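Take a look at the structure below.
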Amino acid sequence: MKRPLSIKIATWVAALLVGSWAGFACTQDAPKTKTVEGFDGKIARSYEDSVEAWPKDPTFTGDEPNVLIILLDDVGYGQLGAYGGLVETPNIDRLAAGGLLYNNFHTTALCSPSRAAILAGRNHHSIGLGSHANTAMGFPGYSGRVPKSAQAISRNAQIAGWSTYAIGKWDHTPGFQVQQVGPYTYWPTHDGFDHTYTFMAADVNNFTPVMYAGHEPVEPARGNPDYHLSTDMADKAIHYLTGKASIDPDRPFFMFWAPGAQHTPHHAPEEYLKKYRGKFDMGWDKAREMIFKQQLKRGIIPAGTVLTQRPDGIQAWVDLSDDQKKMFARQMEAFAAQLDHVDMEIGRILKTLERIGELDNTLIMLTSDNGASAEGGLAGTHNEVLFVNGLQADLSTNLRFYDEWGREETNNHYHAGWAWAGNTPFKYFKQIVHNGGVQDPLIVHWPAGIKAKGEIRDQYHHIIDIGPTILEALGLEPLKEIDGIKQVPFDGTSFAYTFNDKDAPDRHARQYYELLGNRAMYMDGWKAVTIHANRMPWDTGGTFPFEKDVWELYHVAEDFSEQNNLADKFPEKLEELQAAWDEDAWKYNVYPLYDNIISRIAETNSHFAPQRNEFVFYPPGAVRISEPYSPQVKNRNHTITAYAKIPDGGAKGVLVAAGGLYGGYAFYVHDNRLVYAFNAYNEDRYYVRSDAPLPSGKVELKAEYAVAEGLSGLVTLSVNGAQVGQGEIGRILPVLYSLSETFDVGEDTGTPVSKDYDRENAFSGTIDKVVIRIPDAN
């Protein structure tokens, strides 16, 4: 078949053009190769003239060290068995026996600052964590946000190729950023961790935790009546470790494992609670003497150390009533049970490291974020939410929960007397920058890098030294720039020099302290220190003049327990240290000083929480919103309106809920009737119920909260505009409903606010939207 002439002509023209272009291209001085930045091969016109250069991933020999940081919570100097404690901690003790025990190690006196500093290697004010992230202020030292110029050592390790994991507590992310929309700038996923499984709060219900797998909220306890967080965390660590060993055995890992133990609540499985029944009937005075005796015997504290006296406010055990002794002993039993249990779970992780052949080459550092906590006050508390709202429990109320102590019904904390005993031989507690608040256990275990076994190291060091130490042990230089941002130098000093030199002189000779107005300065074996307004940790409100604070002076090189105040004897030395503190305060962004803790929590939430008169929520996505980011309705006139559809036969389930078992409110349908419930500290519950069942079909369901005198409210319920119920709410929670539970629409995740429903409480009808209006929000 002959082609038409027009096609022939087009073909000839095309051939002519192509041939002309080819001839043109061949005659030009075009480059015969191309260079691409970062490509080491050769790119030519032909494959035969080109040279391949494959992208290079980090390679490892299998000899590089791993890292496991175990960061316990609120564990005092004298609470671990290896430090003379009375609780059985055989697995932690095994680490000390096979490694090093540091007896002169210090922290910031509070969780959030220490947890940021341990990874950043910088002072807590240097990185915006001068206090807790939830007590932030609008100043560089208190912003609650670690700057990108001070990225964590985990980021260094990740860039170098280490497989990185964060499991457990992560509470230096601002609360208003804990929701599923983001931004995630201050989550562990942006802090150098490939895999994260965390609770994003200061504390957690160990039986029903609010957890996040990466950025996604999960409820691991649902459907598991035997669930406990410490076990779940050990399971997760074992899963990650065995997975890495199976898939990429030569690649080293960096794991940050931070259980909820021993922070409030002291939750433990039943068999552990029973194990310690009656074990602390001797009381805190006798317990302290027993701990002190063991510390001296083992050389954990220097010979000649004096056991400090009981602080004001804490009664002698012999002066307590029988009911007090009964209640307070039960409180310590729960703490001991939880510590014993988490030690067992640590043992499971250690056995896994042995199983995969990595125990000897894993640098394990086990410490606490601060000293033992006295935030339970002078009666202990069945519910820590009382403390964060500026209240304390009393003995009679606590006794109502005596049989449930350590179980989920309690958000429990022990009496300050047990914290004092837990910090033996020191006086005071968490939050205070005397040694009871800042001197903590540190155990380092690394058979491949440390020759000594079971030795004590007495060099002075601080939690900011852990990051530089780890990088030195890994053979990594701190990155000078990360993601195009120049990194500020570490404030900390590596203590790797102590690993194999027991007598090496101190390299960390100067360290300031400040926490909620409490201040101290350590220099060359001397320490000046003051308790701001002589305020104890259970006193949370008020503002007091800093210039009236009384400073003390101790020669801690010779007076290990800070017993002998030398302020009057050496006033010049005290002035020298005070001047040094002021110098460092300016250097590290400590100023301005402000001391009203409760006010700071409220102000932080009110500043960053959405300030709108109207919030509109659309199920099913409006769940797991952190309380600081939810509508701030506390003690404000407001309305909650749900636009829903009730199926034939009626409905049940939650429309809106905030908080949980330990405090909060819920608006829901029970037995096809509308209900508003307010849970005041798990002590009092108020219910307002409709007097008629709901009609089927589309409905408008409303709860109107009107502030009344006496710090209570009047709630009016209506359906389709008609009033169906009214009742009074007798109490309020002025600051927080919960430290960890969230705001939800269409269900109540975590623990239930109301006794009317259980954990399976999703609304059985259909919710189009829920509107919350707060007239005075702006």
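Order determines the names: the first chain of the structure tokens is A, the second B, and so forth; residues in each chain are numbered 1 upward, and ligands are numbered 1 upward as they are shown.
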
Legend entry - Residues flagged strand (DSSP E or B) by DSSP in range 260-483 of chain A, as an MDAnalysis selection string: chainID A and resid 362:368 381 383 411 413 439:445 455:457 461:462 481:482

Give me the residues within 6 Å of range 710-714 of chain A as a CSV table (one decimal) with N, CA, C and O atoms, in the first residue's frame, counting only C-alpha atoms and dropping any in the same chain fewer than 5 places off.
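Saved as around-v7.csv:
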```
chain,number,residue,atom,x,y,z
A,705,TYR,N,-24.8,26.1,81.6
A,705,TYR,CA,-24.1,26.2,82.9
A,705,TYR,C,-24.0,27.7,83.3
A,705,TYR,O,-23.5,28.5,82.5
A,727,GLY,N,-30.4,21.5,87.9
A,727,GLY,CA,-29.8,21.1,89.2
A,727,GLY,C,-28.5,21.8,89.4
A,727,GLY,O,-27.9,22.5,88.5
A,728,GLU,N,-28.0,21.8,90.7
A,728,GLU,CA,-26.9,22.6,91.1
A,728,GLU,C,-25.6,21.7,91.1
A,728,GLU,O,-25.6,20.5,91.5
A,729,ILE,N,-24.5,22.3,90.7
A,729,ILE,CA,-23.2,21.7,90.8
A,729,ILE,C,-22.5,22.4,92.0
A,729,ILE,O,-22.3,23.6,92.0
A,730,GLY,N,-22.1,21.6,93.0
A,730,GLY,CA,-21.7,22.2,94.3
A,730,GLY,C,-20.2,22.5,94.4
A,730,GLY,O,-19.8,23.2,95.3
A,731,ARG,N,-19.4,22.0,93.5
A,731,ARG,CA,-18.0,22.3,93.6
A,731,ARG,C,-17.4,22.6,92.2
A,731,ARG,O,-18.1,22.3,91.1
```

Inset, instruction - Using CA of Leu110 in chain A and CA of Asn435 in chain A as the two end points, give the distance in Å to one decimal. - result: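 So the answer is 12.7 Å.
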
Skipping near chain neighbours, those fewer than 3 positions away, what residues fall within 8 Å of Ala337 in chain A using only C-alpha atoms, listed as a CSV table (one decimal) with N, CA and C atoms, in the first residue's frame?
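Result went into result_20.csv, see below:
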```csv
chain,number,residue,atom,x,y,z
A,267,HIS,N,0.3,3.0,91.2
A,267,HIS,CA,-0.5,1.9,90.8
A,267,HIS,C,0.3,0.7,90.6
A,268,ALA,N,-0.2,-0.4,91.1
A,268,ALA,CA,0.6,-1.7,91.0
A,268,ALA,C,-0.4,-2.9,90.9
A,269,PRO,N,0.0,-3.9,90.2
A,269,PRO,CA,-0.8,-5.1,90.2
A,269,PRO,C,-1.1,-5.7,91.6
A,272,TYR,N,1.5,-7.5,93.8
A,272,TYR,CA,2.6,-6.6,94.4
A,272,TYR,C,2.1,-5.8,95.5
A,273,LEU,N,0.8,-5.3,95.5
A,273,LEU,CA,0.3,-4.6,96.6
A,273,LEU,C,0.2,-5.5,97.8
A,275,LYS,N,2.1,-8.0,98.5
A,275,LYS,CA,3.5,-8.4,98.9
A,275,LYS,C,4.0,-7.4,100.0
A,276,TYR,N,3.6,-6.1,100.0
A,276,TYR,CA,4.1,-5.1,100.9
A,276,TYR,C,3.2,-4.8,102.0
A,333,GLU,N,3.1,1.4,101.1
A,333,GLU,CA,3.0,0.1,100.5
A,333,GLU,C,2.7,0.1,99.0
A,334,ALA,N,1.9,1.0,98.6
A,334,ALA,CA,1.6,1.2,97.2
A,334,ALA,C,2.8,1.7,96.4
A,340,ASP,N,8.8,-2.1,93.0
A,340,ASP,CA,9.1,-3.5,92.8
A,340,ASP,C,8.7,-4.0,91.4
A,341,HIS,N,7.5,-3.6,91.1
A,341,HIS,CA,6.9,-4.1,89.8
A,341,HIS,C,7.7,-3.5,88.6
```

Legend entry - Selected residue, from A:Asp768, A:Asp403, A:Asp568, A:Glu747, that lies nearest to Ala644 in chain A when counting only C-alpha atoms: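 Selected residue with least distance to Ala644 in chain A: A:Asp768.
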
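Nearest to Glu472 in chain A of all the residues A:Ala117, A:Ala557, A:Ala496, A:Leu593 is A:Ala496, counting only C-alpha atoms.
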
Legend entry - Selected residue of minimal separation from Ile70 in chain A among A:Gly417, A:Gly141, A:Gly128, A:Pro441, counting only C-alpha atoms: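 Smallest distance to Ile70 in chain A is found for A:Pro441.
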
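Residues with any atom within 9 Å of Asn103 in chain A, counting only C-alpha atoms and excluding same-chain neighbours fewer than 6 positions away, are Tyr77, Tyr83, Ile300, Ile301, Gln439, Asp440, Pro441, Leu442, Ile456, Arg457, Asp458, Gln459 and Tyr460 of chain A.
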
Write out the residues from the selection above, keeping all heavy atoms, as a CSV table (one decimal), in the first residue's frame.
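part22.csv, freshly written:
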```
chain,number,residue,atom,x,y,z
A,77,TYR,N,16.9,9.6,96.6
A,77,TYR,CA,18.3,9.1,96.7
A,77,TYR,C,18.3,7.8,97.5
A,77,TYR,O,19.1,6.9,97.2
A,77,TYR,CB,19.1,10.2,97.4
A,77,TYR,CG,20.6,9.9,97.5
A,77,TYR,CD1,21.4,10.3,96.4
A,77,TYR,CD2,21.2,9.3,98.6
A,77,TYR,CE1,22.8,10.0,96.4
A,77,TYR,CE2,22.6,9.0,98.6
A,77,TYR,CZ,23.3,9.4,97.5
A,77,TYR,OH,24.7,9.2,97.5
A,83,TYR,N,20.9,1.8,96.7
A,83,TYR,CA,21.2,3.0,97.5
A,83,TYR,C,20.7,2.9,98.9
A,83,TYR,O,20.6,3.9,99.6
A,83,TYR,CB,20.6,4.2,96.8
A,83,TYR,CG,21.4,4.7,95.6
A,83,TYR,CD1,21.3,4.1,94.4
A,83,TYR,CD2,22.2,5.8,95.7
A,83,TYR,CE1,22.0,4.5,93.3
A,83,TYR,CE2,22.9,6.3,94.7
A,83,TYR,CZ,22.9,5.6,93.4
A,83,TYR,OH,23.6,6.1,92.4
A,300,ILE,N,28.0,4.2,100.3
A,300,ILE,CA,27.2,5.0,99.4
A,300,ILE,C,27.3,6.5,99.8
A,300,ILE,O,27.4,7.4,99.0
A,300,ILE,CB,25.8,4.6,99.3
A,300,ILE,CG1,25.7,3.2,98.7
A,300,ILE,CG2,24.9,5.5,98.5
A,300,ILE,CD1,24.4,2.5,98.9
A,301,ILE,N,27.3,6.7,101.1
A,301,ILE,CA,27.6,8.1,101.7
A,301,ILE,C,28.9,8.0,102.5
A,301,ILE,O,29.2,7.0,103.0
A,301,ILE,CB,26.4,8.5,102.5
A,301,ILE,CG1,26.2,7.6,103.7
A,301,ILE,CG2,25.1,8.6,101.7
A,301,ILE,CD1,25.1,8.0,104.7
A,439,GLN,N,19.7,15.8,94.5
A,439,GLN,CA,20.7,14.7,94.5
A,439,GLN,C,20.0,13.4,94.3
A,439,GLN,O,19.2,13.0,95.1
A,439,GLN,CB,21.6,14.7,95.8
A,439,GLN,CG,22.8,13.9,95.6
A,439,GLN,CD,24.0,14.4,96.5
A,439,GLN,OE1,24.0,15.6,96.8
A,439,GLN,NE2,24.9,13.5,96.9
A,440,ASP,N,20.4,12.7,93.2
A,440,ASP,CA,19.6,11.6,92.8
A,440,ASP,C,20.5,10.4,92.5
A,440,ASP,O,21.7,10.5,92.3
A,440,ASP,CB,18.8,11.9,91.6
A,440,ASP,CG,17.5,12.7,91.9
A,440,ASP,OD1,16.6,12.1,92.4
A,440,ASP,OD2,17.5,13.9,91.6
A,441,PRO,N,19.9,9.2,92.4
A,441,PRO,CA,20.6,8.0,92.0
A,441,PRO,C,21.1,8.1,90.6
A,441,PRO,O,20.3,8.6,89.7
A,441,PRO,CB,19.7,6.8,92.3
A,441,PRO,CG,18.3,7.4,92.2
A,441,PRO,CD,18.5,8.8,92.8
A,442,LEU,N,22.2,7.6,90.3
A,442,LEU,CA,22.7,7.4,88.9
A,442,LEU,C,23.5,6.1,88.8
A,442,LEU,O,24.5,6.0,89.5
A,442,LEU,CB,23.5,8.5,88.3
A,442,LEU,CG,24.2,8.3,87.0
A,442,LEU,CD1,23.1,8.1,85.9
A,442,LEU,CD2,25.2,9.4,86.6
A,456,ILE,N,31.9,2.7,93.4
A,456,ILE,CA,31.2,4.0,93.6
A,456,ILE,C,32.0,5.1,93.0
A,456,ILE,O,33.2,5.1,93.1
A,456,ILE,CB,30.9,4.2,95.1
A,456,ILE,CG1,30.0,3.1,95.6
A,456,ILE,CG2,30.4,5.6,95.4
A,456,ILE,CD1,29.8,3.1,97.1
A,457,ARG,N,31.3,6.1,92.4
A,457,ARG,CA,32.0,7.3,91.9
A,457,ARG,C,31.4,8.5,92.6
A,457,ARG,O,30.2,8.6,92.8
A,457,ARG,CB,31.8,7.4,90.4
A,457,ARG,CG,32.4,6.3,89.5
A,457,ARG,CD,33.9,6.4,89.5
A,457,ARG,NE,34.6,5.5,88.7
A,457,ARG,CZ,35.0,4.3,89.1
A,457,ARG,NH1,34.9,3.9,90.4
A,457,ARG,NH2,35.6,3.4,88.2
A,458,ASP,N,32.3,9.3,93.1
A,458,ASP,CA,31.9,10.4,93.9
A,458,ASP,C,32.1,11.8,93.3
A,458,ASP,O,32.0,12.8,93.9
A,458,ASP,CB,32.5,10.4,95.3
A,458,ASP,CG,34.1,10.5,95.2
A,458,ASP,OD1,34.6,10.7,94.1
A,458,ASP,OD2,34.7,10.3,96.3
A,459,GLN,N,32.5,11.8,92.0
A,459,GLN,CA,32.7,13.1,91.3
A,459,GLN,C,31.3,13.9,91.2
A,459,GLN,O,30.3,13.2,91.0
A,459,GLN,CB,33.3,12.9,89.9
A,459,GLN,CG,34.7,12.5,89.9
A,459,GLN,CD,34.9,11.0,90.0
A,459,GLN,OE1,33.9,10.3,90.2
A,459,GLN,NE2,36.1,10.5,89.9
A,460,TYR,N,31.3,15.2,91.3
A,460,TYR,CA,30.1,16.0,91.2
A,460,TYR,C,29.7,16.0,89.7
A,460,TYR,O,30.5,16.5,88.9
A,460,TYR,CB,30.4,17.4,91.7
A,460,TYR,CG,29.2,18.3,91.7
A,460,TYR,CD1,28.3,18.5,92.8
A,460,TYR,CD2,28.9,19.0,90.5
A,460,TYR,CE1,27.2,19.3,92.7
A,460,TYR,CE2,27.8,19.8,90.4
A,460,TYR,CZ,27.0,20.0,91.5
A,460,TYR,OH,25.9,20.8,91.4
```

Legend entry - Nearest to Lys486 in chain A, chosen from A:Val699, A:Leu72, A:Ala150, A:Ala585, with only C-alpha atoms counted in the distances: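 Among A:Val699, A:Leu72, A:Ala150, A:Ala585, it is A:Ala150 that comes nearest to Lys486 in chain A.
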
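Near Asp232 in chain A, within 10 Å and counting only C-alpha atoms, sit Ile167, Gly168, Asn206, Pro220, Ala221, Tyr227, His228, Lys236, Ala237, Ile238, Pro259 and Glu345 of chain A; same-chain residues fewer than 4 positions away were not included.
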
Please, which residues in range 94-209 of chain A fall within 10 Å of range 58-61 of chain A when counting only C-alpha atoms, and what is the closest atom pair and distance in Å to one decimal for each, ordered by chain then residue number, as CSV?
```
residue,atom,partner,partner_atom,distance
A:Ile159,CA,A:Pro58,CA,9.1
A:Ala160,CA,A:Pro58,CA,6.9
A:Gly161,CA,A:Pro58,CA,5.7
A:Trp162,CA,A:Pro58,CA,8.9
```

Need to verify the contact set: range 539-551 of chain A, 9 Å, only C-alpha atoms, exclusion of same-chain residues closer than 2 positions in sequence. Can you return it as a short mmCIF file (atom, residue, chain, number, x, y, z; two decimals) with all heavy atoms, in the first residue's frame?
```cif
data_model
loop_
_atom_site.label_atom_id
_atom_site.label_comp_id
_atom_site.auth_asym_id
_atom_site.auth_seq_id
_atom_site.Cartn_x
_atom_site.Cartn_y
_atom_site.Cartn_z
N GLU A 375 4.64 16.20 97.21
CA GLU A 375 3.44 16.88 96.72
C GLU A 375 2.16 16.24 97.24
O GLU A 375 1.07 16.81 97.07
CB GLU A 375 3.47 16.91 95.19
CG GLU A 375 4.58 17.82 94.66
CD GLU A 375 4.91 17.61 93.19
OE1 GLU A 375 4.42 16.63 92.60
OE2 GLU A 375 5.68 18.42 92.64
N GLY A 377 1.62 16.12 100.28
CA GLY A 377 1.30 16.95 101.43
C GLY A 377 1.36 16.21 102.75
O GLY A 377 1.97 15.15 102.87
N PHE A 387 -4.14 18.40 94.34
CA PHE A 387 -2.91 19.19 94.46
C PHE A 387 -2.78 20.20 93.33
O PHE A 387 -2.45 21.37 93.57
CB PHE A 387 -1.71 18.25 94.47
CG PHE A 387 -0.39 18.94 94.26
CD1 PHE A 387 0.20 19.68 95.28
CD2 PHE A 387 0.27 18.87 93.04
CE1 PHE A 387 1.41 20.32 95.09
CE2 PHE A 387 1.48 19.51 92.84
CZ PHE A 387 2.05 20.24 93.87
N VAL A 388 -3.03 19.78 92.09
CA VAL A 388 -2.85 20.71 90.97
C VAL A 388 -3.91 21.80 90.96
O VAL A 388 -3.75 22.80 90.26
CB VAL A 388 -2.82 19.97 89.62
CG1 VAL A 388 -1.67 19.00 89.56
CG2 VAL A 388 -4.13 19.28 89.32
N ASN A 389 -4.96 21.63 91.74
CA ASN A 389 -5.96 22.68 91.90
C ASN A 389 -5.78 23.45 93.20
O ASN A 389 -6.68 24.18 93.64
CB ASN A 389 -7.36 22.08 91.82
CG ASN A 389 -7.78 21.78 90.39
OD1 ASN A 389 -8.18 22.66 89.64
ND2 ASN A 389 -7.65 20.51 90.00
N GLY A 390 -4.62 23.28 93.85
CA GLY A 390 -4.29 24.06 95.04
C GLY A 390 -4.92 23.55 96.32
O GLY A 390 -5.00 24.29 97.30
N LEU A 391 -5.36 22.27 96.34
CA LEU A 391 -6.02 21.72 97.52
C LEU A 391 -5.23 20.53 98.07
O LEU A 391 -4.39 19.96 97.39
CB LEU A 391 -7.44 21.26 97.16
CG LEU A 391 -8.38 22.32 96.59
CD1 LEU A 391 -9.68 21.68 96.14
CD2 LEU A 391 -8.65 23.42 97.61
N GLY A 517 11.50 29.61 92.18
CA GLY A 517 12.00 30.59 93.15
C GLY A 517 13.02 30.05 94.11
O GLY A 517 13.75 30.82 94.76
N ARG A 519 16.55 28.62 94.99
CA ARG A 519 17.81 28.89 94.29
C ARG A 519 18.99 28.30 95.03
O ARG A 519 18.97 28.17 96.26
CB ARG A 519 18.00 30.40 94.15
CG ARG A 519 17.05 31.09 93.19
CD ARG A 519 16.86 32.55 93.53
NE ARG A 519 16.00 32.70 94.72
CZ ARG A 519 15.91 33.80 95.44
NH1 ARG A 519 16.64 34.86 95.14
NH2 ARG A 519 15.10 33.86 96.47
N ALA A 520 20.02 27.96 94.26
CA ALA A 520 21.25 27.45 94.86
C ALA A 520 22.40 27.67 93.90
O ALA A 520 22.21 27.81 92.68
CB ALA A 520 21.13 25.97 95.20
N ALA A 528 25.60 27.45 98.25
CA ALA A 528 24.67 28.40 98.85
C ALA A 528 23.27 28.05 98.36
O ALA A 528 23.09 27.73 97.18
CB ALA A 528 25.02 29.82 98.44
N VAL A 529 22.28 28.12 99.25
CA VAL A 529 20.96 27.64 98.87
C VAL A 529 19.88 28.35 99.68
O VAL A 529 20.10 28.71 100.84
CB VAL A 529 20.86 26.11 99.06
CG1 VAL A 529 21.12 25.71 100.50
CG2 VAL A 529 19.53 25.55 98.59
N THR A 530 18.72 28.57 99.05
CA THR A 530 17.60 29.16 99.76
C THR A 530 16.29 28.52 99.32
O THR A 530 16.12 28.17 98.14
CB THR A 530 17.51 30.69 99.53
OG1 THR A 530 16.43 31.23 100.29
CG2 THR A 530 17.32 31.04 98.07
N ILE A 531 15.38 28.35 100.27
CA ILE A 531 14.01 27.93 99.96
C ILE A 531 13.17 29.20 99.89
O ILE A 531 13.03 29.92 100.88
CB ILE A 531 13.45 26.99 101.03
CG1 ILE A 531 14.33 25.74 101.18
CG2 ILE A 531 12.00 26.60 100.70
CD1 ILE A 531 13.89 24.82 102.29
N HIS A 532 12.65 29.48 98.72
CA HIS A 532 11.91 30.72 98.55
C HIS A 532 10.69 30.76 99.47
O HIS A 532 9.84 29.87 99.46
CB HIS A 532 11.47 30.87 97.10
CG HIS A 532 10.59 32.05 96.85
ND1 HIS A 532 10.94 33.32 97.22
CD2 HIS A 532 9.36 32.14 96.28
CE1 HIS A 532 9.97 34.15 96.90
NE2 HIS A 532 9.01 33.46 96.33
N ALA A 533 10.64 31.81 100.28
CA ALA A 533 9.53 32.05 101.22
C ALA A 533 9.33 30.88 102.18
O ALA A 533 8.27 30.75 102.77
CB ALA A 533 8.24 32.35 100.46
N ASN A 534 10.37 30.05 102.29
CA ASN A 534 10.30 28.85 103.14
C ASN A 534 9.07 28.00 102.80
O ASN A 534 8.45 27.38 103.66
CB ASN A 534 10.27 29.23 104.62
CG ASN A 534 10.75 28.09 105.49
OD1 ASN A 534 11.61 27.30 105.10
ND2 ASN A 534 10.19 27.98 106.69
N ARG A 535 8.73 27.99 101.51
CA ARG A 535 7.52 27.33 101.04
C ARG A 535 7.80 25.87 100.72
O ARG A 535 8.72 25.54 99.99
CB ARG A 535 6.99 28.05 99.81
CG ARG A 535 5.65 27.54 99.31
CD ARG A 535 5.06 28.44 98.25
NE ARG A 535 5.89 28.51 97.06
CZ ARG A 535 5.59 29.26 96.00
NH1 ARG A 535 4.53 30.04 96.03
NH2 ARG A 535 6.36 29.26 94.94
N MET A 536 6.96 24.99 101.23
CA MET A 536 7.09 23.56 100.99
C MET A 536 6.32 23.17 99.70
O MET A 536 5.44 23.91 99.26
CB MET A 536 6.57 22.78 102.18
CG MET A 536 7.39 22.94 103.45
SD MET A 536 9.08 22.24 103.33
CE MET A 536 10.06 23.74 103.13
N PRO A 537 6.62 22.02 99.12
CA PRO A 537 6.00 21.66 97.83
C PRO A 537 4.48 21.57 97.85
O PRO A 537 3.84 21.68 96.80
CB PRO A 537 6.63 20.29 97.54
CG PRO A 537 7.93 20.30 98.26
CD PRO A 537 7.67 21.08 99.51
N LEU A 553 24.49 28.28 103.76
CA LEU A 553 25.79 27.96 103.16
C LEU A 553 26.29 26.63 103.72
O LEU A 553 26.29 26.42 104.94
CB LEU A 553 26.80 29.06 103.47
CG LEU A 553 28.22 28.81 102.94
CD1 LEU A 553 28.25 28.88 101.41
CD2 LEU A 553 29.20 29.84 103.55
N ALA A 567 26.48 29.89 107.07
CA ALA A 567 26.24 31.23 106.53
C ALA A 567 26.76 32.32 107.47
O ALA A 567 27.34 33.31 107.01
CB ALA A 567 24.75 31.43 106.26
N LEU A 574 29.49 33.16 101.32
CA LEU A 574 28.09 33.19 100.92
C LEU A 574 27.87 34.28 99.88
O LEU A 574 27.21 34.04 98.85
CB LEU A 574 27.20 33.43 102.13
CG LEU A 574 25.69 33.54 101.85
CD1 LEU A 574 25.16 32.28 101.19
CD2 LEU A 574 24.93 33.85 103.14
N GLN A 578 26.50 33.87 96.07
CA GLN A 578 25.30 34.59 95.63
C GLN A 578 25.59 35.43 94.39
O GLN A 578 24.78 35.49 93.47
CB GLN A 578 24.79 35.49 96.76
CG GLN A 578 24.14 34.73 97.91
CD GLN A 578 23.79 35.66 99.07
OE1 GLN A 578 24.64 36.42 99.55
NE2 GLN A 578 22.55 35.58 99.52
N LEU A 593 12.21 36.18 87.92
CA LEU A 593 11.71 35.20 88.87
C LEU A 593 10.22 35.46 89.14
O LEU A 593 9.80 36.61 89.30
CB LEU A 593 12.49 35.28 90.18
CG LEU A 593 14.00 35.01 90.09
CD1 LEU A 593 14.65 35.22 91.45
CD2 LEU A 593 14.26 33.59 89.58
N TYR A 594 9.46 34.37 89.19
CA TYR A 594 8.03 34.48 89.49
C TYR A 594 7.61 33.17 90.16
O TYR A 594 8.05 32.10 89.75
CB TYR A 594 7.21 34.73 88.22
CG TYR A 594 5.74 34.90 88.46
CD1 TYR A 594 5.26 35.87 89.33
CD2 TYR A 594 4.81 34.11 87.81
CE1 TYR A 594 3.90 36.04 89.55
CE2 TYR A 594 3.45 34.26 88.02
CZ TYR A 594 3.00 35.23 88.90
OH TYR A 594 1.66 35.39 89.11
N ASP A 595 6.76 33.24 91.16
CA ASP A 595 6.59 32.09 92.04
C ASP A 595 5.18 31.54 92.20
O ASP A 595 4.99 30.54 92.90
CB ASP A 595 7.13 32.43 93.43
CG ASP A 595 6.50 33.69 94.02
OD1 ASP A 595 5.72 34.34 93.33
OD2 ASP A 595 6.82 34.02 95.17
N ASN A 596 4.17 32.14 91.58
CA ASN A 596 2.81 31.66 91.79
C ASN A 596 2.53 30.50 90.84
O ASN A 596 2.17 30.68 89.68
CB ASN A 596 1.81 32.79 91.58
CG ASN A 596 0.43 32.41 92.12
OD1 ASN A 596 -0.01 31.28 91.99
ND2 ASN A 596 -0.24 33.39 92.72
N ILE A 597 2.66 29.27 91.34
CA ILE A 597 2.59 28.09 90.49
C ILE A 597 1.21 27.92 89.88
O ILE A 597 1.06 27.74 88.67
CB ILE A 597 2.96 26.84 91.31
CG1 ILE A 597 4.34 27.02 91.95
CG2 ILE A 597 2.95 25.60 90.43
CD1 ILE A 597 4.65 25.99 93.01
N ILE A 598 0.17 27.94 90.71
CA ILE A 598 -1.18 27.74 90.21
C ILE A 598 -1.55 28.81 89.20
O ILE A 598 -2.14 28.54 88.15
CB ILE A 598 -2.18 27.72 91.37
CG1 ILE A 598 -1.92 26.52 92.29
CG2 ILE A 598 -3.61 27.69 90.85
CD1 ILE A 598 -2.08 25.18 91.61
N SER A 599 -1.17 30.04 89.48
CA SER A 599 -1.45 31.13 88.56
C SER A 599 -0.74 30.91 87.22
O SER A 599 -1.29 31.17 86.15
CB SER A 599 -1.01 32.47 89.17
OG SER A 599 -1.16 33.51 88.24
#
```

Inset, instruction - Can you pull out every residue within 6 Å of range 675-682 of chain A, counting only C-alpha atoms, but drop anything in the same chain fewer than 3 positions away, and send it as number ranges by chain? - result: A: 662-669, 685-689

Inset, instruction - Name the residues of range 450-488 of chain A that fall into alpha helix (DSSP H) according to DSSP on the backbone, using the chain letters and numbers of this document, as a PyMOL selection string. - result: chain A and resi 466-474

Could the residues in this selection be saved with C-alpha atoms as a compact mmCIF listing (two decimals), in the first residue's frame?
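Below is the file out_20.txt, written as the result:
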```txt
# COMPACT_ATOMS: atom_id res chain seq x y z
CA ILE A 466 24.49 12.80 80.53
CA GLY A 467 24.10 13.96 76.93
CA PRO A 468 27.77 14.87 76.40
CA THR A 469 28.80 11.63 78.13
CA ILE A 470 26.72 9.51 75.80
CA LEU A 471 28.02 11.19 72.67
CA GLU A 472 31.60 10.71 73.84
CA ALA A 473 30.93 7.05 74.55
CA LEU A 474 29.43 6.63 71.07
```
